[in-house]
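Peer 1: Enclosed is the structure file data_39.cif (mmCIF, C-alpha atoms and all ligand atoms).
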```
data_structure
#
loop_
_atom_site.label_atom_id
_atom_site.label_comp_id
_atom_site.auth_asym_id
_atom_site.auth_seq_id
_atom_site.Cartn_x
_atom_site.Cartn_y
_atom_site.Cartn_z
CA MET A 1 32.99 -15.75 -2.35
CA SER A 2 33.61 -16.39 1.32
CA LEU A 3 31.44 -14.89 3.99
CA ASN A 4 31.85 -14.71 7.68
CA SER A 5 28.70 -15.09 9.75
CA ALA A 6 29.53 -12.41 12.32
CA ASN A 7 29.80 -9.73 9.68
CA TRP A 8 28.47 -10.56 6.27
CA CYS A 9 30.43 -7.87 4.52
CA SER A 10 33.79 -8.18 6.15
CA THR A 11 35.40 -10.60 3.73
CA VAL A 12 33.89 -9.43 0.47
CA GLU A 13 34.19 -6.29 -1.53
CA ILE A 14 30.74 -4.88 -1.90
CA ASN A 15 29.64 -1.75 -3.59
CA MET A 16 25.96 -2.22 -3.28
CA LYS A 17 23.02 0.10 -2.78
CA ILE A 18 19.83 -1.11 -1.15
CA ALA A 19 16.65 0.86 -0.44
CA LEU A 20 14.91 -0.38 2.69
CA ILE A 21 11.31 0.81 2.64
CA ASN A 22 8.77 0.43 5.42
CA GLY A 23 5.11 1.26 5.00
CA PRO A 24 2.38 2.64 7.24
CA ASN A 25 2.41 2.31 11.01
CA LEU A 26 5.87 0.77 11.05
CA ASN A 27 7.11 4.04 12.53
CA LEU A 28 5.27 2.78 15.62
CA LEU A 29 7.39 -0.37 15.94
CA GLY A 30 8.34 -0.93 19.56
CA GLN A 31 5.01 0.35 20.86
CA ARG A 32 2.62 -1.10 18.28
CA GLU A 33 1.27 -4.57 19.22
CA PRO A 34 4.68 -5.74 20.53
CA ASP A 35 3.45 -9.33 20.84
CA VAL A 36 3.01 -9.32 17.04
CA TYR A 37 5.75 -6.94 15.86
CA GLY A 38 8.40 -7.07 18.60
CA ASN A 39 9.85 -4.56 21.05
CA GLN A 40 12.35 -2.78 18.88
CA GLY A 41 11.79 0.54 17.17
CA LEU A 42 12.39 1.00 13.45
CA GLU A 43 15.39 3.30 13.93
CA GLU A 44 17.07 0.68 16.12
CA ILE A 45 16.36 -2.03 13.55
CA ASN A 46 17.78 0.13 10.75
CA ASN A 47 20.87 0.98 12.79
CA GLU A 48 21.47 -2.70 13.47
CA LEU A 49 21.26 -3.46 9.75
CA GLN A 50 23.77 -0.75 8.92
CA THR A 51 26.12 -2.15 11.59
CA LEU A 52 25.67 -5.69 10.31
CA PHE A 53 26.30 -4.65 6.70
CA PRO A 54 28.69 -1.71 6.93
CA GLU A 55 29.72 -1.74 3.29
CA ILE A 56 26.20 -1.49 1.93
CA THR A 57 24.84 1.95 1.16
CA PHE A 58 21.31 1.95 2.51
CA SER A 59 18.51 4.39 1.77
CA PHE A 60 16.15 3.98 4.69
CA PHE A 61 12.62 5.25 4.11
CA GLN A 62 9.38 4.96 6.04
CA SER A 63 6.09 6.59 5.18
CA ASN A 64 2.45 6.31 6.09
CA SER A 65 1.52 7.76 2.72
CA GLU A 66 1.08 5.69 -0.42
CA SER A 67 1.94 8.59 -2.73
CA GLU A 68 5.15 9.35 -0.81
CA ILE A 69 6.28 5.76 -1.22
CA VAL A 70 5.45 5.83 -4.94
CA ASN A 71 7.38 9.10 -5.38
CA PHE A 72 10.34 7.77 -3.38
CA VAL A 73 10.49 4.60 -5.50
CA HIS A 74 10.59 6.77 -8.64
CA THR A 75 13.79 8.46 -7.39
CA LEU A 76 15.68 5.23 -6.69
CA LYS A 77 18.98 4.32 -8.28
CA VAL A 78 19.75 1.21 -6.24
CA ASP A 79 20.54 -2.44 -6.89
CA TYR A 80 17.71 -3.84 -4.76
CA ILE A 81 14.64 -2.80 -2.84
CA VAL A 82 13.77 -4.52 0.44
CA ILE A 83 10.22 -3.51 1.31
CA ASN A 84 7.74 -4.15 4.05
CA PRO A 85 4.70 -2.52 2.46
CA ALA A 86 2.72 -3.12 5.70
CA ALA A 87 -1.02 -2.53 5.17
CA PHE A 88 -0.35 -1.43 1.56
CA THR A 89 0.67 -5.04 0.87
CA HIS A 90 -2.98 -5.91 0.71
CA THR A 91 -4.24 -2.90 -1.22
CA SER A 92 -1.67 -1.06 -3.30
CA VAL A 93 -1.62 -1.48 -7.05
CA ALA A 94 0.12 1.93 -7.13
CA ILE A 95 3.21 0.85 -5.17
CA ARG A 96 3.37 -2.44 -7.06
CA ASP A 97 3.30 -0.55 -10.36
CA ALA A 98 5.94 1.93 -9.15
CA ILE A 99 8.39 -0.86 -8.28
CA LEU A 100 7.73 -2.69 -11.54
CA GLY A 101 8.02 0.65 -13.34
CA VAL A 102 11.57 1.32 -12.14
CA GLY A 103 12.54 -2.30 -12.79
CA ILE A 104 14.48 -2.80 -9.54
CA PRO A 105 14.39 -6.34 -8.09
CA PHE A 106 12.75 -6.47 -4.68
CA TYR A 107 12.26 -8.62 -1.60
CA GLU A 108 8.97 -8.50 0.30
CA ILE A 109 9.25 -8.69 4.08
CA HIS A 110 6.68 -9.03 6.84
CA LEU A 111 7.55 -9.17 10.51
CA SER A 112 4.56 -11.35 11.32
CA ASN A 113 3.40 -14.51 9.58
CA VAL A 114 0.62 -12.89 7.59
CA HIS A 115 -0.72 -16.31 6.53
CA ALA A 116 -1.46 -17.23 10.15
CA ARG A 117 -3.48 -14.04 10.61
CA GLU A 118 -6.73 -12.58 9.25
CA GLU A 119 -7.80 -13.65 5.77
CA PHE A 120 -7.41 -10.13 4.34
CA ARG A 121 -3.67 -10.33 5.10
CA HIS A 122 -3.24 -13.41 2.91
CA LYS A 123 -3.56 -11.39 -0.31
CA SER A 124 -0.43 -9.53 -1.46
CA TYR A 125 -0.08 -7.25 -4.48
CA PHE A 126 3.69 -7.87 -4.41
CA SER A 127 4.47 -11.54 -3.83
CA ASP A 128 4.11 -12.76 -7.42
CA LYS A 129 6.76 -10.28 -8.57
CA ALA A 130 9.11 -10.43 -5.57
CA LYS A 131 12.45 -12.24 -5.74
CA ALA A 132 11.49 -13.70 -2.37
CA VAL A 133 8.91 -13.23 0.36
CA ILE A 134 9.95 -13.56 4.00
CA CYS A 135 7.35 -13.44 6.74
CA GLY A 136 7.16 -14.45 10.37
CA LEU A 137 10.84 -14.01 11.27
CA GLY A 138 10.34 -10.62 12.91
CA LYS A 139 13.12 -8.13 12.22
CA ASP A 140 15.41 -11.01 11.15
CA GLY A 141 13.47 -11.05 7.87
CA TYR A 142 15.26 -7.85 6.80
CA SER A 143 18.75 -9.23 7.48
CA ALA A 144 17.87 -12.57 5.89
CA ALA A 145 16.94 -10.80 2.66
CA ILE A 146 20.11 -8.71 2.71
CA GLN A 147 22.28 -11.76 3.43
CA HIS A 148 20.68 -13.44 0.45
CA ILE A 149 21.40 -10.43 -1.76
CA VAL A 150 25.04 -10.33 -0.61
CA LYS A 151 25.52 -14.06 -1.11
CA ASN A 152 24.03 -14.05 -4.57
CA THR A 153 25.58 -10.94 -6.02
C1 LIG A 201 3.00 -6.40 8.25
C2 LIG A 201 1.74 -7.23 8.08
C3 LIG A 201 0.60 -6.38 7.52
O1 LIG A 201 -0.57 -7.17 7.35
C4 LIG A 201 0.28 -5.24 8.45
O2 LIG A 201 -0.72 -4.41 7.92
C5 LIG A 201 1.48 -4.47 8.85
C6 LIG A 201 2.75 -5.15 9.08
C7 LIG A 201 4.11 -7.20 8.96
O3 LIG A 201 5.24 -6.73 8.94
O4 LIG A 201 3.85 -8.24 9.55
O5 LIG A 201 1.40 -3.27 9.08
O6 LIG A 201 3.48 -6.05 6.98
#
```
If you took the structure in this file and wrote it as structure tokens, what would it be?
Peer 2:
Amino acid sequence: MSLNSANWCSTVEINMKIALINGPNLNLLGQREPDVYGNQGLEEINNELQTLFPEITFSFFQSNSESEIVNFVHTLKVDYIVINPAAFTHTSVAIRDAILGVGIPFYEIHLSNVHAREEFRHKSYFSDKAKAVICGLGKDGYSAAIQHIVKNT
């Protein structure tokens, strides 16, 4: 399969569905600790991803509520989940179980390098089951995961 770096989908036929899930407080991207999380808002980041990967059908979802994320995961009929569980990374057996329950492969993303931060951020309830974990690349972590999915599918 040949890929062109300007537009990862332009030279391949893709009929792929990806759910991109962001957890609590990521609706505040752009204003929330910009030195840690960057200056761009979540809507802008999502729009960029859709532009970069026009042939992928995305389901974009953000919630501050654990139960809403669990319920959303239960509805999914997608090929992959790309998730930044945010603070739920370090606490949520429920979201972990939901993703394992639907059996959809997933990538775990963090904008910041969680391992260079407080100790409580070093523990993840997702990493041992994720296809890959990307942290510290800012918003580029999302596109890196999607590029990897496209290349390997
Ligand atoms: C985060 C890291 C988490 O520890 C934190 O609670 C977040 C965002 C990240 O993207 O770097 O909300 O997942």
Peer 1: Enumerate as a VMD selection string the residues within 7 Å of ligand LIG 201 (chain A), counting all atoms listed in the file.
Peer 2: chain A and resid 24 to 26 37 84 to 87 89 109 to 114 121 135
Peer 1: Would you kindly return, as a list in words, each protein, DNA or RNA residue with an atom no farther than 10 Å from any atom of Asn46 (chain A), considering only C-alpha atoms and excluding same-chain residues fewer than 6 positions away?
Peer 2: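 In the requested format, the answer is Leu20, Leu52, Phe58, Ser59, Phe60, Phe61, Lys139, Tyr142 and Ser143 of chain A.
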Peer 1: Which of these residues is nearest to Gln40 (chain A), using all atoms listed in the file: A:Ile56, A:Asn27, A:Asn152, A:Thr91?
Peer 2: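 So, comparing all the options, the nearest one is A:Asn27.
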Peer 1: List as an MDAnalysis selection string the protein and nucleic acid residues near Ser63 (chain A), meaning an atom at most 7 Å away when all atoms listed in the file are counted, but skip any in the same chain fewer than 3 places from it.
Peer 2: chainID A and resid 22:24 68:69
Peer 1: If I wrap all listed atoms of region 123-127 of chain A in a box with edges along x, y and z and add 6 Å on each side, what are its centre and edge lengths in Å to one decimal, as AutoDock Vina command-line options?
Peer 2:
```
--center_x 0.5 --center_y -9.4 --center_z -2.4 --size_x 20.0 --size_y 16.3 --size_z 16.2
```
Peer 1: What is the CA of Ser124 (chain A) to CA of Arg32 (chain A) distance in Å?
Peer 2: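 Those two atoms sit 21.7 Å apart.
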Peer 1: Using CA of Glu33 (chain A) and CA of Ser65 (chain A) as the two end points, give the distance in Å to one decimal.
Peer 2: 20.6 Å
Peer 1: Record the distance separating CA of Ala144 (chain A) and CA of Ser67 (chain A), expressed in Å with one decimal.
Peer 2: 27.9 Å
Peer 1: Pick from A:Thr153, A:Ser92, A:Gln62, A:Asn39: nearest to Ile21 (chain A), with all atoms listed in the file counted?
Peer 2: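 Ranking A:Thr153, A:Ser92, A:Gln62, A:Asn39 by distance to Ile21 (chain A), first place goes to A:Gln62.
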Peer 1: Within 9 Å of Tyr80 (chain A), counting all atoms listed in the file, which residues qualify if same-chain residues fewer than 2 places away don't, as a tab-separated table (two decimals) with C-alpha atoms, in the frame of the given file?
Peer 2:
```tsv
chain	number	residue	atom	x	y	z
A	16	MET	CA	25.96	-2.22	-3.28
A	17	LYS	CA	23.02	0.10	-2.78
A	18	ILE	CA	19.83	-1.11	-1.15
A	19	ALA	CA	16.65	0.86	-0.44
A	20	LEU	CA	14.91	-0.38	2.69
A	77	LYS	CA	18.98	4.32	-8.28
A	78	VAL	CA	19.75	1.21	-6.24
A	82	VAL	CA	13.77	-4.52	0.44
A	104	ILE	CA	14.48	-2.80	-9.54
A	105	PRO	CA	14.39	-6.34	-8.09
A	106	PHE	CA	12.75	-6.47	-4.68
A	107	TYR	CA	12.26	-8.62	-1.60
A	149	ILE	CA	21.40	-10.43	-1.76
```
Peer 1: Could you check the closest approach to Ala132 (chain A) for each of A:Leu29, A:Ile81, A:Leu100, A:Leu76 and tell me which residue wins, using all atoms listed in the file?
Peer 2: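 Smallest distance to Ala132 (chain A) is found for A:Ile81.
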